[in-house]
Amino acid sequence: MQSTNHHPFTEGLLTWYRQHARELPWRQTRDPYAIWLSEVVLQQTRVAQGLPYYLKLLEVFPTIESLAHADESVLFRHWQGLGYYSRARNLHKTAKLVVSEYQGQFPSTYEALIQLPGVGPYTAAAIASFAFGEAKPVVDGNVFRILARYFGIETDILHSSARKEFTDVALELIPKDQPAEFNQAIMDFGSLQCSPAPLCASCPLSLTCIAFQQKRIQDFPVKQKKAKQRNRYFNYFILEQGNKMLVRERKGKDIWSGLWEFYLLESSQEEELESLVELDKILPKFLHDAVIQPLKSPKIHLLSHQKIHCKAWHVQVPDNLDISHVEDFQWIGPEDFEKLGKSVLLLNLITDNLHLEIFNDSMPR
């Protein structure tokens, strides 16, 4: 069904979409579970990167019940590499809640959906429009950019008032008879046409776009400078004894909480651990007789607001040295460690050092 009373922006957008729509699996269903799963995977993740994860997660957890009843460590294992692990935790928490409180059926309205753990305005609008036909617009960075350029909106998109202002504009544009198509169209338009480096020459909206007409494309959206990245210095030690390694699960509110890692010493400056001699000053005394070998390691790992500088060493602990207990750590075999969720930094560290015998037959290539 097609209305003739749409805003010119909406008409142009929908016409463009019918010619350029991406074929994505979650667009072939109205199942709220599959749609929700795709939205969570794609938060902070490009479609090309997220698609194989989405397909694998849907294969392993085909229903919300299977996800709710799964062990969190299994979910983390399949989430490995996507980053932002709070998404996976909220995914699991929401699945349990929907199964226990809603008998496995997703709430069917935006207002109810947004009450679920980890479901913000964007995800709630996507599920509500795609699965239930509710005219709620999705509003994210792409939408900020498109609307700011087209309407010449000068509001700083990081200001607390920006989301409401842009959402109100989008509400005026979204057609009540085609909310899903409009939201899918504006997603694709932001990714393919009105990207940070836009294709204005072929844009069907350029004649009525304020930014283009005023030759101010790069002025929009208005955005204050990002916070400076924090530098951190991670020194990993792969402690090996009797074909087992010393590992722990990260806890608390720091990065990678719930993921597993090797013995870690964090230093305040990169220079602190420049030589093996200096290791003696910081390693526990009982390791001073161990054989320590520097490893190849990822030099820098970038997160949204942190820059992780990494160094690594292999520490071969003599079998007759009793260090059976180190607080918060445990000894496990590499085949068990392979099954646990790990950060991308640690996966890269392992990949760079597959020559170590402990990794040879047990870790993924």
# chains A, B, ... in the order shown; residues from 1 in each chain; ligands from 1
call {"tool": "residues_around", "arguments": {"residues": "Val119 (chain A)", "least_positions_apart": "6", "cutoff": "10 Å", "atoms": "only C-alpha atoms", "output": "list in words"}}
result
Trp36, Glu39, Val40, Arg87, Asn90, Leu91, Thr94, Leu113, Ala125 and Ile127 of chain A
call {"tool": "write_last_selection", "arguments": {"atoms": "N, CA and C atoms", "output": "tab-separated table (two decimals), in the first residue's frame"}}
result
chain	number	residue	atom	x	y	z
A	36	TRP	N	14.95	-9.05	16.96
A	36	TRP	CA	15.66	-8.58	18.17
A	36	TRP	C	17.11	-9.05	18.17
A	39	GLU	N	19.18	-7.01	15.79
A	39	GLU	CA	19.42	-5.65	16.26
A	39	GLU	C	20.50	-5.62	17.34
A	40	VAL	N	20.49	-6.58	18.24
A	40	VAL	CA	21.50	-6.62	19.30
A	40	VAL	C	22.88	-6.90	18.71
A	87	ARG	N	26.25	-6.44	25.76
A	87	ARG	CA	25.15	-6.78	24.86
A	87	ARG	C	24.76	-8.24	25.03
A	90	ASN	N	22.94	-8.78	28.39
A	90	ASN	CA	21.56	-8.32	28.32
A	90	ASN	C	20.72	-9.21	27.41
A	91	LEU	N	21.33	-9.75	26.37
A	91	LEU	CA	20.64	-10.68	25.48
A	91	LEU	C	20.14	-11.88	26.28
A	94	THR	N	17.42	-10.81	28.88
A	94	THR	CA	16.13	-10.56	28.26
A	94	THR	C	15.45	-11.85	27.84
A	113	LEU	N	8.32	-3.01	25.00
A	113	LEU	CA	9.63	-3.51	24.55
A	113	LEU	C	10.78	-2.75	25.20
A	125	ALA	N	12.15	0.47	18.70
A	125	ALA	CA	11.47	0.97	17.51
A	125	ALA	C	11.61	-0.01	16.35
A	127	ILE	N	12.03	-3.36	16.50
A	127	ILE	CA	11.17	-4.54	16.72
A	127	ILE	C	9.70	-4.16	16.55
call {"tool": "residues_around", "arguments": {"residues": "Glu240 (chain A)", "least_positions_apart": "3", "cutoff": "12 Å", "atoms": "only C-alpha atoms", "output": "ChimeraX atom specification"}}
result
/A:237,243-247,262-263,287,290-293,313-319,321,323,330-334,356-359
call {"tool": "residues_around", "arguments": {"residues": "Tyr54 (chain A)", "least_positions_apart": "2", "cutoff": "12 Å", "atoms": "only C-alpha atoms", "output": "PyMOL selection string"}}
result
chain A and resi 24-26+33-43+45-52+56-62+78-79+82
call {"tool": "residues_around", "arguments": {"residues": "Pro179 (chain A)", "least_positions_apart": "5", "cutoff": "8 Å", "atoms": "only C-alpha atoms", "output": "PyMOL selection string"}}
result
chain A and resi 129-130+133-137+174
call {"tool": "write_last_selection", "arguments": {"atoms": "N, CA, C and O atoms", "output": "compact mmCIF listing (two decimals), in the first residue's frame"}}
result
# COMPACT_ATOMS: atom_id res chain seq x y z
N SER A 129 8.32 -1.79 14.81
CA SER A 129 7.92 -1.51 13.42
C SER A 129 8.05 -2.74 12.53
O SER A 129 7.14 -3.03 11.73
N PHE A 130 9.13 -3.49 12.66
CA PHE A 130 9.36 -4.63 11.77
C PHE A 130 8.43 -5.80 12.09
O PHE A 130 7.92 -6.45 11.18
N GLY A 133 4.38 -3.63 13.12
CA GLY A 133 3.81 -2.58 12.30
C GLY A 133 3.53 -1.28 13.01
O GLY A 133 2.74 -0.45 12.52
N GLU A 134 4.18 -1.03 14.15
CA GLU A 134 3.96 0.20 14.89
C GLU A 134 4.82 1.31 14.28
O GLU A 134 5.99 1.10 13.98
N ALA A 135 4.25 2.49 14.12
CA ALA A 135 4.95 3.60 13.47
C ALA A 135 5.87 4.32 14.45
O ALA A 135 5.62 5.45 14.86
N LYS A 136 6.95 3.66 14.81
CA LYS A 136 7.98 4.23 15.67
C LYS A 136 9.28 4.32 14.87
O LYS A 136 9.78 3.30 14.39
N PRO A 137 9.86 5.49 14.71
CA PRO A 137 11.07 5.62 13.90
C PRO A 137 12.32 5.19 14.65
O PRO A 137 12.45 5.41 15.85
N ILE A 174 7.75 9.44 9.24
CA ILE A 174 7.47 8.01 9.10
C ILE A 174 6.01 7.79 8.72
O ILE A 174 5.10 8.29 9.38
call {"tool": "residues_around", "arguments": {"residues": "region 191-205 of chain A", "least_positions_apart": "2", "cutoff": "9 Å", "atoms": "only C-alpha atoms", "output": "number ranges by chain"}}
result
A: 8-9, 12-13, 15-16, 20, 142, 145-146, 149-150, 186-189, 207-209, 212, 217-218
call {"tool": "write_last_selection", "arguments": {"atoms": "N, CA, C and O atoms", "output": "PDB file, in the first residue's frame"}}
result
ATOM      1  N   PRO A   8       7.954  14.961   1.015  1.00  0.00           N
ATOM      2  CA  PRO A   8       8.879  14.715  -0.113  1.00  0.00           C
ATOM      3  C   PRO A   8      10.122  13.920   0.289  1.00  0.00           C
ATOM      4  O   PRO A   8      10.626  13.113  -0.509  1.00  0.00           O
ATOM      5  N   PHE A   9      10.625  14.151   1.504  1.00  0.00           N
ATOM      6  CA  PHE A   9      11.767  13.371   1.976  1.00  0.00           C
ATOM      7  C   PHE A   9      11.410  11.890   2.004  1.00  0.00           C
ATOM      8  O   PHE A   9      12.178  11.033   1.533  1.00  0.00           O
ATOM      9  N   GLY A  12      10.978  10.379  -1.554  1.00  0.00           N
ATOM     10  CA  GLY A  12      12.271  10.171  -2.199  1.00  0.00           C
ATOM     11  C   GLY A  12      13.038   9.023  -1.578  1.00  0.00           C
ATOM     12  O   GLY A  12      13.686   8.231  -2.285  1.00  0.00           O
ATOM     13  N   LEU A  13      12.976   8.922  -0.245  1.00  0.00           N
ATOM     14  CA  LEU A  13      13.668   7.848   0.467  1.00  0.00           C
ATOM     15  C   LEU A  13      13.119   6.483   0.085  1.00  0.00           C
ATOM     16  O   LEU A  13      13.881   5.546  -0.210  1.00  0.00           O
ATOM     17  N   THR A  15      11.411   5.632  -2.588  1.00  0.00           N
ATOM     18  CA  THR A  15      11.706   5.339  -3.996  1.00  0.00           C
ATOM     19  C   THR A  15      13.139   4.845  -4.149  1.00  0.00           C
ATOM     20  O   THR A  15      13.402   3.866  -4.872  1.00  0.00           O
ATOM     21  N   TRP A  16      14.064   5.515  -3.464  1.00  0.00           N
ATOM     22  CA  TRP A  16      15.469   5.083  -3.493  1.00  0.00           C
ATOM     23  C   TRP A  16      15.607   3.667  -2.943  1.00  0.00           C
ATOM     24  O   TRP A  16      16.309   2.827  -3.518  1.00  0.00           O
ATOM     25  N   HIS A  20      17.467   0.071  -4.147  1.00  0.00           N
ATOM     26  CA  HIS A  20      18.774  -0.227  -3.559  1.00  0.00           C
ATOM     27  C   HIS A  20      18.729  -1.072  -2.291  1.00  0.00           C
ATOM     28  O   HIS A  20      19.760  -1.246  -1.640  1.00  0.00           O
ATOM     29  N   ASN A 142      23.206   7.262  12.105  1.00  0.00           N
ATOM     30  CA  ASN A 142      22.883   7.422  10.686  1.00  0.00           C
ATOM     31  C   ASN A 142      21.727   8.390  10.492  1.00  0.00           C
ATOM     32  O   ASN A 142      21.740   9.244   9.602  1.00  0.00           O
ATOM     33  N   ARG A 145      22.635  11.975  11.180  1.00  0.00           N
ATOM     34  CA  ARG A 145      23.400  12.536  10.068  1.00  0.00           C
ATOM     35  C   ARG A 145      22.488  12.902   8.892  1.00  0.00           C
ATOM     36  O   ARG A 145      22.589  14.001   8.328  1.00  0.00           O
ATOM     37  N   ILE A 146      21.583  11.987   8.521  1.00  0.00           N
ATOM     38  CA  ILE A 146      20.705  12.217   7.381  1.00  0.00           C
ATOM     39  C   ILE A 146      19.786  13.414   7.616  1.00  0.00           C
ATOM     40  O   ILE A 146      19.680  14.321   6.784  1.00  0.00           O
ATOM     41  N   ARG A 149      21.613  16.849   7.896  1.00  0.00           N
ATOM     42  CA  ARG A 149      22.018  17.368   6.590  1.00  0.00           C
ATOM     43  C   ARG A 149      20.808  17.865   5.796  1.00  0.00           C
ATOM     44  O   ARG A 149      20.812  18.976   5.252  1.00  0.00           O
ATOM     45  N   TYR A 150      19.785  17.034   5.732  1.00  0.00           N
ATOM     46  CA  TYR A 150      18.649  17.363   4.876  1.00  0.00           C
ATOM     47  C   TYR A 150      17.904  18.609   5.360  1.00  0.00           C
ATOM     48  O   TYR A 150      17.544  19.480   4.564  1.00  0.00           O
ATOM     49  N   ILE A 186      15.772   4.079   5.778  1.00  0.00           N
ATOM     50  CA  ILE A 186      16.665   5.093   6.332  1.00  0.00           C
ATOM     51  C   ILE A 186      17.958   4.448   6.862  1.00  0.00           C
ATOM     52  O   ILE A 186      19.029   5.061   6.833  1.00  0.00           O
ATOM     53  N   MET A 187      17.854   3.178   7.309  1.00  0.00           N
ATOM     54  CA  MET A 187      19.062   2.441   7.707  1.00  0.00           C
ATOM     55  C   MET A 187      19.997   2.280   6.511  1.00  0.00           C
ATOM     56  O   MET A 187      21.203   2.561   6.587  1.00  0.00           O
ATOM     57  N   ASP A 188      19.444   1.798   5.405  1.00  0.00           N
ATOM     58  CA  ASP A 188      20.265   1.559   4.216  1.00  0.00           C
ATOM     59  C   ASP A 188      20.767   2.865   3.616  1.00  0.00           C
ATOM     60  O   ASP A 188      21.901   2.956   3.125  1.00  0.00           O
ATOM     61  N   PHE A 189      19.937   3.892   3.649  1.00  0.00           N
ATOM     62  CA  PHE A 189      20.319   5.177   3.076  1.00  0.00           C
ATOM     63  C   PHE A 189      21.528   5.756   3.814  1.00  0.00           C
ATOM     64  O   PHE A 189      22.440   6.310   3.198  1.00  0.00           O
ATOM     65  N   LEU A 207      18.366  17.874  -4.253  1.00  0.00           N
ATOM     66  CA  LEU A 207      17.760  19.148  -4.660  1.00  0.00           C
ATOM     67  C   LEU A 207      17.044  19.853  -3.509  1.00  0.00           C
ATOM     68  O   LEU A 207      16.875  21.071  -3.532  1.00  0.00           O
ATOM     69  N   THR A 208      16.626  19.083  -2.498  1.00  0.00           N
ATOM     70  CA  THR A 208      15.929  19.677  -1.352  1.00  0.00           C
ATOM     71  C   THR A 208      16.725  19.537  -0.062  1.00  0.00           C
ATOM     72  O   THR A 208      16.206  19.793   1.020  1.00  0.00           O
ATOM     73  N   CYS A 209      17.979  19.116  -0.182  1.00  0.00           N
ATOM     74  CA  CYS A 209      18.850  18.936   0.999  1.00  0.00           C
ATOM     75  C   CYS A 209      19.556  20.259   1.297  1.00  0.00           C
ATOM     76  O   CYS A 209      20.313  20.775   0.474  1.00  0.00           O
ATOM     77  N   PHE A 212      23.459  20.162   1.201  1.00  0.00           N
ATOM     78  CA  PHE A 212      24.001  20.107  -0.161  1.00  0.00           C
ATOM     79  C   PHE A 212      23.833  21.448  -0.872  1.00  0.00           C
ATOM     80  O   PHE A 212      24.763  21.943  -1.514  1.00  0.00           O
ATOM     81  N   ILE A 217      28.022  20.179   3.533  1.00  0.00           N
ATOM     82  CA  ILE A 217      27.855  18.761   3.856  1.00  0.00           C
ATOM     83  C   ILE A 217      28.655  18.360   5.096  1.00  0.00           C
ATOM     84  O   ILE A 217      28.163  17.682   5.994  1.00  0.00           O
ATOM     85  N   GLN A 218      29.914  18.777   5.159  1.00  0.00           N
ATOM     86  CA  GLN A 218      30.785  18.349   6.256  1.00  0.00           C
ATOM     87  C   GLN A 218      30.501  19.083   7.565  1.00  0.00           C
ATOM     88  O   GLN A 218      31.081  18.747   8.604  1.00  0.00           O
TER      89      GLN A 218
END
